[in-house]
Amino acid sequence: MEKDRLPKIISTALRAAYPNEPICLAISSNIARHGQYGREWLVATTAHLLVFPDDAATPTHDLALTELESISAENTVGAGSVLVKTATATYRIISYTEARSDDFHKIVDGLRALKEGAQVESHHTLSDRQECETCGRSIPKHMSTCPHCAQRRQILLRILSFSRPYAGQLALIFVITVLTTVVALLPPYMSKLFIDSVFKVDPATGTFPHADWHLWCVAAIFAAYALQSFFSGWQERVAGIVGFKTVYDVRAAIYKRIQELSLTFFDKRHTGAIMTRVNQDTAELQRLLVDFIPMTLEALFSLVGVGVVLFAVSWRLTLFVILPIIGTIVFLRLAVPVIRSFFHRFFHRRSRLSALVSDSLSGIRVIKSFGQEALEMEKFDRTSRVYRDAGIDLVRRWSIYHPLMHFMIMCGTVLVWLVGGRLIFRGPDMPGGMTIGDVVAYSGYLMMFYRPVFMLTRLSQMITNALTAADRVFDIIDTIPDIQDAPDAVAMPRVEGHITLDNITFGYAKHQPVIKELSIDIPANEMIGLVGKSGAGKSTLINLMSRLYDVDSGAIRVDGVDVRNIRQADLRQNIGVVLQETFLFSGTIMENISYAKPTATKDQVIAAALSAHAHEFIIQKPDGYDTRVGERGSRLSGGEKQRIAIARAILRDPRILILDEATSSVDVQTEEKIQQALVNLTKGRTTIAIAHRLATLRNCARLVVIDDGEVSEMGTHKELMEKEGAFYELVKSQEKLSTIVAIDGGSRSEET
Amino acid sequence: MNELDPKQVIFATSDEGELGLTLADGTRHTPIQCSCLFPLSDPEHYISIQQGDDKHHPEIGIIKDLSALLPEQRQLIDQDLKHQHFLPEILSIEDIRGLHGIDEWCVTTDRGPITFFVSGRKSSIVLTNDNLLLVTDIEKCRYRITDYTTLPLRARQMLERALP
Ligand SMILES: Nc1ncnc2c1ncn2[C@@H]1O[C@H](COP(=O)(O)OP(=O)(O)O)[C@@H](O)[C@H]1O
Ligand SMILES: [Mg+2]
């Protein structure tokens, strides 16, 4: 708790000023007086509220709790302040950034409790923010580990843990890698044998004393290359299989979690970003497992194996050859960050260009109808030019660095002939002297040595890429769904349909309630209409009833059971919804209607379509019920989509039917017909209907007028009209509007 | 649009520190709050002045150009905007340290030095066509760089590398 970290100078000053009042609350801010980053302390004793600059004994505010009329936490853009109101003025006593907003809202609740003379509860002071055990920094929200101290190794191990079921195959990869390296050492040694022995003329006799070795050596080289190919194929195969299997597991884990997550998760994230994670990030992981880990292993082995051989052949030469390698590594250390920044820029511009193209293609109708093709061309041109320039910049650098790097490496070979040549002149029998064969073999090994060196310089970059992907993947897998079945959730295969909203409060963002302490009781089998201005919270109420979100306080009960204690599957089974935004999957009309009940027969689907008055337009389509609706149903009109959505809900035959502006896009005549059909359908089930055109709600037993998240009126159509309140006003204004339409001679035709 | 003539209105702070406004016809509004209509693309123009004590913050009027105000008047508005809109401008980048998928940024802003973490997600660094860069850290705090091309080379390189 922050109270314990209050600077001594402040607590001493407090004790001097108010000796008999213990400190109840303390919190430090991260914005100081004039909007600069800094720290101030807000401290409350049992009777006073004080604000101190960090490490100063004089408070900037010193207010008695009794003189305060209200205390509130106000959110501004990116920051927030605590406001207190006295009889004479409002003071902004302390400010903090967005990151601390939750903490300060808690403190404000605590302050209010103090003002009322109540005790400070633990939930006023407890910060859910954890502190890192290693560095003491506070860990950002939504993160399980301290980003400052998080170990790459941990996350790498975690990826590998997905490979655990395949440990046997991984061990096999390891063994094959060792074998590959060993076999690869053979050919350069054979060249040495050829030069120094097989093709060596004995000066005394003028013959080749080791000519009989010839075929054996050729056979050995042949075998070495054959084995090498065999091993590399084998390794590729095993690594590939393990990689695909592992990534399959990871992908399944992500997708399962995505389906489990509640809507709050999707509200905060872009669908495209989530898709990226399922597709691209897992592919990145696959690259890590399939290509990168075996390649690194191999590189490490050859580095060690070949390094040992190099030293064995001639340690003197090796000392010289190491020089350009060290030089290269230093050069890479300096050049790689520069090059990498150019590469990054290049990729970034490229993805911006493709984003632009995909954006304008999906909006092509709008572009055409506004005749803005030229503007789009220009936008494209500008972005494309930036991309081109980034590419040119990159090539300019690359064309310098890359040959330079190559040259530095090749200097090693030059050194071999320079230094190695001198060692040859020394003669093979002198200490350190080499044969021609030694030097040839040596330069062969050197080539083998450079490849892994190159590889390993790219290691860090590759690890970073893969870890970034892994991080995003685990971010999803680790998210705990907000809405979960309670362990003791009851099974309710069939509900009666009595819904009670008991004093519920809810906001999509914390601290900004959209529904405020609202209570409604809906008896089973009643049809109730919700009306109110757009943005009043009607759709939100429906989301809460279907438990797409959980209420912040209060409770929603179905048949007297809190929805949080009903198995989600059962709850949803009993609810049929037609959402305000009709969503159809790309597929056929048949598939879309039967989505609500995959086991439905064709007869049932047609019956549902008939009741929803969808049948009449479906029969006009050449493909009938097999008509493909296009992406998100784009090949159907708004009214047609809505009628399919209604059919979908009807097919489910739910106990609770929810219609959120279900007929807003159909023409008046069709709406009339659907209404008639609904009269039959709504009999014997609880129905909640939201409608824009108030006339369509006349069948409702009761109407509830929602205003700004609260119930402002409730009663039958007749009662509310007689009351001449908010509902009356709404009806009157709609009538006026329809008269204007009538005078204009325009009939409402909304089939688009 | 109800444009307020900068020469006709008077902003003043009360003894309690509340910002108030007196219109040309003598009506007084206290407290008021200011908000910038184009906080990212054009922070110097189109400042909306609203009533501060009403829940819905009804608008009193719009000041089109801040520079038309007298310096001390302007300072009052700037002060309020600074509170209403907390979006530090990154002036220099000391270091961007790559960790796994999360970069630790050490920067100096117009509001002082600060260290924060940025995740490697696409949405966390947004570059508009006018070289304006918006950075959102993992706690949803935002930072801006008005024209990143004016940063020193080293800072720019670190930045390019951090671009998702
Ligand atoms: N997913 C969401 N995330 C954040 N705010 C939302 C979301 N959905 C709706 N809102 C906000 O909640 C309020 C009520 O919306 P809603 O219930 O859809 O109103 P309506 O009565 O028109 O159906 C509106 O201010 C809206 O902006
Ligand atoms: Mg709605």
# chains A, B, ... in the order shown; residues from 1 in each chain; ligands from 1
$ residues_near_ligand --ligand "ligand 2" --cutoff "7 Å" --atoms "only C-alpha atoms and all ligand atoms" --output "list in words"
Ser534, Gly535, Gly537, Lys538, Ser539, Gln580 and Asp660 of chain A
$ interface_residues --of "chain B" --to "chain A" --cutoff "6 Å" --atoms "only C-alpha atoms" --output "ChimeraX atom specification"
/B:84-86,100-101,111-112,139,141,157,160-161
$ residues_near_ligand --ligand "ligand 1" --cutoff "12 Å" --atoms "only C-alpha atoms and all ligand atoms" --output "MDAnalysis selection string"
chainID A and resid 262:269 506:510 512:516 530:544 548:549 579:581 659:662 689:692 705:711
$ residues_around --residues "region 16-23 of chain B" --least-positions-apart "2" --cutoff "8 Å" --atoms "only C-alpha atoms" --output "JSON list (two decimals) with C-alpha atoms, in the first residue's frame"
[["chain", "number", "residue", "atom", "x", "y", "z"],
["A", 89, "ALA", "CA", -15.43, 26.89, -5.69],
["A", 90, "THR", "CA", -14.24, 23.76, -7.42],
["A", 91, "TYR", "CA", -10.60, 22.80, -7.00],
["B", 8, "GLN", "CA", -14.28, 40.91, -27.61],
["B", 9, "VAL", "CA", -14.04, 38.20, -24.97],
["B", 10, "ILE", "CA", -12.13, 38.19, -21.73],
["B", 11, "PHE", "CA", -10.77, 35.12, -20.02],
["B", 12, "ALA", "CA", -9.89, 35.41, -16.36],
["B", 13, "THR", "CA", -9.06, 33.16, -13.46],
["B", 14, "SER", "CA", -11.04, 33.57, -10.27],
["B", 25, "ASP", "CA", -22.50, 41.30, -24.19],
["B", 26, "GLY", "CA", -21.29, 41.02, -20.61],
["B", 27, "THR", "CA", -22.50, 37.46, -19.85],
["B", 28, "ARG", "CA", -20.15, 35.63, -17.58],
["B", 29, "HIS", "CA", -19.47, 31.91, -17.58],
["B", 30, "THR", "CA", -17.52, 30.29, -14.72],
["B", 31, "PRO", "CA", -16.13, 27.73, -14.78],
["B", 32, "ILE", "CA", -15.43, 26.99, -18.40],
["B", 33, "GLN", "CA", -13.36, 24.35, -20.06],
["B", 76, "LEU", "CA", -4.76, 30.94, -19.57],
["B", 80, "ASP", "CA", -6.41, 24.74, -19.39]]
$ atom_distance --atom1 "CA of Arg494 (chain A)" --atom2 "CA of Asn574 (chain A)"
6.7 Å
